[in-house]
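Accompanying notes for the structure given below.
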Amino acid sequence: MFNENMLTWKQYENIRDKYSHIASFAYWPKWHKGNKAEPLIVRSEDEFNERLLNKIHCNAVIVGFNYGINDDIEKIIDDNSLNGEQQVTELKKSMYFSNQYGGSYGKKALNEAFKGTFVEGAYMTDLFKFKLSEKNWEGTGMPTAKGSEFKKRLKEKPEKIEFNIKGLRYELYNVAEIKQDPIFIFLGEGLFDDEIMSLINVSFPKYFPNSKIYIFSHYQRRGYKKEDFIFEAENLLKRIKSDYGDSF
């Protein structure tokens, strides 16, 4: 059954301390407003138990492509005085649990689409965030202005793909301390196209042998309305249930 990866305070602390600049959760309570990830930020075990216990999990993992660039990120990556660890420290200040959270965009799309389903509260991260030079899986994000630019680099150096899948396993099993392979939902058909997915599928089973990957529209998909996300989610959940049967 897909309920083995509900997160505890200790697991939340691990994620916060290592990957708060990368990680997020698909959880938007009614009181959430704006683009900050305030609903995901707690400062004690008591506060965690009150607000997030049994609400966030890694039973499903929603995966974006790589860091997009905003003004704050651009300043950090352009600062040549910072080494990798220092960049991560600055990214944590700027992106505290907000990467992939999407604020009002995420709430409009993912929250409306998956509210009340097993996907609500799912762990969110990027797939491509580890440079080949990283020794301790810091996760500098590998930001680019356009995903299409980054796709070209991946095709030129496909070893980055397996390296980042290996890093994703470290992130989930060593840091988040999950107990079983999750269901993966990749965001963005245009980014995770057939060519990229064929390269991903070569390595993914080595690290997540019991997982399946599903593709869902990115929450900023142009021309998509709330109703479109809901319709797509209904079909996705039917496919997942069909694939996993009684274990779902």
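Residues in the structure tokens are numbered from 1 in each chain, the chains being A, B, ... in the order shown, and ligands are numbered from 1 in the order shown.
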Subject >> Those in region 50-187 of chain A with alpha helix (DSSP H) from DSSP, as a ChimeraX atom specification >> reply: /A:50-51,71-77,84-94,103-106,112-114,147-156,159-169
Given only C-alpha atoms, how would the per-residue table for region 98-206 of chain A near region 26-40 of chain A read, listing every residue at most 10 Å away with its closest atom pair and distance in Å to one decimal, sorted by chain and number, as a Markdown table?
```
| residue | atom | partner | partner_atom | distance |
| --- | --- | --- | --- | --- |
| A:Ser98 | CA | A:Ala37 | CA | 5.2 |
| A:Asn99 | CA | A:Ala37 | CA | 8.9 |
| A:Gln100 | CA | A:Ala26 | CA | 8.7 |
| A:Tyr101 | CA | A:Ala37 | CA | 6.8 |
| A:Gly102 | CA | A:Asn35 | CA | 6.5 |
| A:Gly103 | CA | A:Asn35 | CA | 3.6 |
| A:Ser104 | CA | A:Asn35 | CA | 5.9 |
| A:Tyr105 | CA | A:Asn35 | CA | 8.3 |
| A:Gly106 | CA | A:Ala26 | CA | 7.9 |
| A:Lys107 | CA | A:Trp28 | CA | 6.2 |
| A:Lys108 | CA | A:Trp28 | CA | 9.7 |
| A:Leu110 | CA | A:Ala26 | CA | 7.0 |
| A:Asn111 | CA | A:Trp28 | CA | 6.4 |
| A:Glu112 | CA | A:Trp28 | CA | 9.5 |
| A:Phe114 | CA | A:Ala26 | CA | 8.8 |
| A:Lys115 | CA | A:Tyr27 | CA | 8.7 |
| A:Val119 | CA | A:Ala26 | CA | 7.7 |
| A:Glu120 | CA | A:Ala26 | CA | 5.7 |
| A:Gly121 | CA | A:Ala26 | CA | 4.5 |
| A:Ala122 | CA | A:Ala26 | CA | 5.2 |
| A:Tyr123 | CA | A:Ala26 | CA | 6.6 |
| A:Met124 | CA | A:Ala26 | CA | 6.7 |
```
Subject >> For Gly68 (chain A): contacts at 6 Å, only C-alpha atoms, fewer than 6 positions along chain excluded, given as a list in words >> reply: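 Once the adjacent positions are removed, what remains is Pro143, Thr144 and Ala145 of chain A.
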Got time to write the residues from that selection, N, CA and C atoms, as a PDB file, in the first residue's frame?
```pdb
ATOM      1  N   PRO A 143      20.656  26.082 -12.658  1.00  0.00           N
ATOM      2  CA  PRO A 143      19.608  26.941 -13.219  1.00  0.00           C
ATOM      3  C   PRO A 143      19.880  27.376 -14.648  1.00  0.00           C
ATOM      4  N   THR A 144      18.815  27.475 -15.426  1.00  0.00           N
ATOM      5  CA  THR A 144      18.886  28.012 -16.783  1.00  0.00           C
ATOM      6  C   THR A 144      17.660  28.879 -17.028  1.00  0.00           C
ATOM      7  N   ALA A 145      17.794  29.795 -17.960  1.00  0.00           N
ATOM      8  CA  ALA A 145      16.667  30.662 -18.297  1.00  0.00           C
ATOM      9  C   ALA A 145      15.587  29.894 -19.046  1.00  0.00           C
TER      10      ALA A 145
END
```
Give one line per residue of region 47-87 of chain A that approaches region 184-201 of chain A to at most 6 Å, naming the two atoms of the closest pair and their distance in Å to one decimal, counting only C-alpha atoms; sort by chain then ascending residue number and deliver it as JSON lines.
```
{"residue": "A:Ala60", "atom": "CA", "partner": "A:Phe184", "partner_atom": "CA", "distance": 5.8}
{"residue": "A:Val61", "atom": "CA", "partner": "A:Phe184", "partner_atom": "CA", "distance": 4.9}
{"residue": "A:Ile62", "atom": "CA", "partner": "A:Ile185", "partner_atom": "CA", "distance": 4.7}
{"residue": "A:Val63", "atom": "CA", "partner": "A:Phe186", "partner_atom": "CA", "distance": 4.7}
{"residue": "A:Gly64", "atom": "CA", "partner": "A:Leu187", "partner_atom": "CA", "distance": 5.2}
```
**OP:** Using DSSP on the backbone coordinates, identify the residues of region 182-218 of chain A assigned to strand (DSSP E); present them as a ChimeraX atom specification.
**Re:** /A:183-187,213-216
Original post:
What gap, in Å, lies between CA of Leu53 (chain A) and CA of Asp17 (chain A)?
Top reply: 18.1 Å
Which polymer residues have any atom within 10 Å of an atom of Leu52 (chain A), counting only C-alpha atoms, with same-chain residues fewer than 3 positions away left out, as a PDB file with C-alpha atoms, in the first residue's frame?
```pdb
ATOM      1  CA  LEU A   7       6.945  11.992   6.831  1.00  0.00           C
ATOM      2  CA  THR A   8       7.888  12.493  10.468  1.00  0.00           C
ATOM      3  CA  TRP A   9       9.380  15.551  12.137  1.00  0.00           C
ATOM      4  CA  TYR A  12      11.187  16.939   7.713  1.00  0.00           C
ATOM      5  CA  TYR A  27       0.174  21.224   0.107  1.00  0.00           C
ATOM      6  CA  PRO A  39       2.375  26.696   5.061  1.00  0.00           C
ATOM      7  CA  LEU A  40       5.383  24.365   4.777  1.00  0.00           C
ATOM      8  CA  ILE A  41       7.563  26.139   7.328  1.00  0.00           C
ATOM      9  CA  VAL A  42       7.420  24.918  10.917  1.00  0.00           C
ATOM     10  CA  GLU A  45       8.071  19.204  16.489  1.00  0.00           C
ATOM     11  CA  ASP A  46       4.899  20.417  18.177  1.00  0.00           C
ATOM     12  CA  GLU A  47       4.224  22.814  15.324  1.00  0.00           C
ATOM     13  CA  PHE A  48       4.954  20.057  12.807  1.00  0.00           C
ATOM     14  CA  ASN A  49       2.538  17.681  14.538  1.00  0.00           C
ATOM     15  CA  LYS A  55      -0.279  15.799   5.477  1.00  0.00           C
ATOM     16  CA  ILE A  56       3.110  15.609   3.717  1.00  0.00           C
ATOM     17  CA  HIS A  57       4.697  12.481   2.303  1.00  0.00           C
ATOM     18  CA  GLY A 121       0.998  16.706   0.148  1.00  0.00           C
TER      19      GLY A 121
END
```
Please provide the set of residues having any atom within 9 Å of Ile178 (chain A), restricted to only C-alpha atoms, with same-chain residues fewer than 2 positions apart removed, written as a PDB file with C-alpha atoms, in the first residue's frame.
```
ATOM      1  CA  GLU A   4       4.690   3.830   3.933  1.00  0.00           C
ATOM      2  CA  ASN A   5       6.313   7.164   3.154  1.00  0.00           C
ATOM      3  CA  MET A   6       4.405   9.571   5.387  1.00  0.00           C
ATOM      4  CA  LEU A   7       6.945  11.992   6.831  1.00  0.00           C
ATOM      5  CA  GLN A  11      12.499  13.408   8.172  1.00  0.00           C
ATOM      6  CA  CYS A  58       6.860  10.787  -0.309  1.00  0.00           C
ATOM      7  CA  ASN A  59       4.309   8.208  -1.438  1.00  0.00           C
ATOM      8  CA  LEU A 172      14.909  10.350  -1.127  1.00  0.00           C
ATOM      9  CA  TYR A 173      16.498   7.375   0.626  1.00  0.00           C
ATOM     10  CA  ASN A 174      19.407   8.970   2.499  1.00  0.00           C
ATOM     11  CA  VAL A 175      17.979  12.385   3.330  1.00  0.00           C
ATOM     12  CA  ALA A 176      14.196  11.959   3.330  1.00  0.00           C
ATOM     13  CA  GLN A 180       9.759   2.230  -0.477  1.00  0.00           C
ATOM     14  CA  ASP A 181       9.980   3.395  -4.072  1.00  0.00           C
ATOM     15  CA  PRO A 182       7.366   6.094  -4.724  1.00  0.00           C
TER      16      PRO A 182
END
```
Subject >> From A:Ser24, A:Ser44, A:Thr140, A:Thr125, residue lying nearest Asn83 (chain A) [only C-alpha atoms] >> reply: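 Closest to Asn83 (chain A) of all the choices is A:Thr140.
Residue nearest Ile15 (chain A), chosen from A:Gly245, A:Ser217, A:Lys92, A:Gly147 and counting only C-alpha atoms: A:Lys92.
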Original post:
What is the distance, in Å and to one decimal place, between CA of Gly139 (chain A) and CA of Tyr19 (chain A)?
Top reply: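 Separation between CA of Gly139 (chain A) and CA of Tyr19 (chain A): 7.4 Å.
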Original post:
Leaving out Ile165 (chain A) and any residue of its chain fewer than 2 positions from it, which residues lie within 8 Å of it when counting only C-alpha atoms, given as an MDAnalysis selection string?
Top reply: chainID A and resid 127 161:163 167:169 203:204 207
Would you output that residue set with N, CA, C and O atoms, as a PDB file, in the first residue's frame?
```pdb
ATOM      1  N   LEU A 127      14.511  17.202 -10.980  1.00  0.00           N
ATOM      2  CA  LEU A 127      15.359  16.063 -11.324  1.00  0.00           C
ATOM      3  C   LEU A 127      16.804  16.506 -11.524  1.00  0.00           C
ATOM      4  O   LEU A 127      17.734  15.927 -10.967  1.00  0.00           O
ATOM      5  N   ILE A 161      22.385  12.605 -16.854  1.00  0.00           N
ATOM      6  CA  ILE A 161      21.056  12.078 -16.545  1.00  0.00           C
ATOM      7  C   ILE A 161      21.149  11.003 -15.473  1.00  0.00           C
ATOM      8  O   ILE A 161      20.469  11.077 -14.439  1.00  0.00           O
ATOM      9  N   GLU A 162      21.998  10.001 -15.693  1.00  0.00           N
ATOM     10  CA  GLU A 162      22.119   8.949 -14.674  1.00  0.00           C
ATOM     11  C   GLU A 162      22.669   9.516 -13.372  1.00  0.00           C
ATOM     12  O   GLU A 162      22.234   9.113 -12.283  1.00  0.00           O
ATOM     13  N   PHE A 163      23.609  10.440 -13.454  1.00  0.00           N
ATOM     14  CA  PHE A 163      24.174  11.033 -12.243  1.00  0.00           C
ATOM     15  C   PHE A 163      23.082  11.687 -11.401  1.00  0.00           C
ATOM     16  O   PHE A 163      23.053  11.552 -10.174  1.00  0.00           O
ATOM     17  N   GLY A 167      21.491  10.834  -7.774  1.00  0.00           N
ATOM     18  CA  GLY A 167      21.346  11.861  -6.746  1.00  0.00           C
ATOM     19  C   GLY A 167      19.940  11.921  -6.182  1.00  0.00           C
ATOM     20  O   GLY A 167      19.744  12.157  -4.983  1.00  0.00           O
ATOM     21  N   LEU A 168      18.945  11.703  -7.042  1.00  0.00           N
ATOM     22  CA  LEU A 168      17.559  11.683  -6.576  1.00  0.00           C
ATOM     23  C   LEU A 168      17.340  10.533  -5.596  1.00  0.00           C
ATOM     24  O   LEU A 168      16.633  10.686  -4.594  1.00  0.00           O
ATOM     25  N   ARG A 169      17.955   9.397  -5.871  1.00  0.00           N
ATOM     26  CA  ARG A 169      17.848   8.281  -4.923  1.00  0.00           C
ATOM     27  C   ARG A 169      18.477   8.657  -3.579  1.00  0.00           C
ATOM     28  O   ARG A 169      17.910   8.372  -2.520  1.00  0.00           O
ATOM     29  N   SER A 203      18.248   4.499 -17.208  1.00  0.00           N
ATOM     30  CA  SER A 203      18.883   4.459 -15.889  1.00  0.00           C
ATOM     31  C   SER A 203      17.905   4.363 -14.724  1.00  0.00           C
ATOM     32  O   SER A 203      18.261   3.849 -13.659  1.00  0.00           O
ATOM     33  N   PHE A 204      16.706   4.861 -14.903  1.00  0.00           N
ATOM     34  CA  PHE A 204      15.789   4.986 -13.767  1.00  0.00           C
ATOM     35  C   PHE A 204      15.532   3.659 -13.048  1.00  0.00           C
ATOM     36  O   PHE A 204      15.546   3.614 -11.808  1.00  0.00           O
ATOM     37  N   TYR A 207      17.790   2.527 -10.085  1.00  0.00           N
ATOM     38  CA  TYR A 207      17.731   3.213  -8.802  1.00  0.00           C
ATOM     39  C   TYR A 207      16.342   3.173  -8.169  1.00  0.00           C
ATOM     40  O   TYR A 207      16.216   3.286  -6.947  1.00  0.00           O
TER      41      TYR A 207
END
```
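Residue nearest Asn66 (chain A), chosen from A:Asn14, A:Asn80, A:Ser211, A:Ser148 and counting only C-alpha atoms: A:Ser148.
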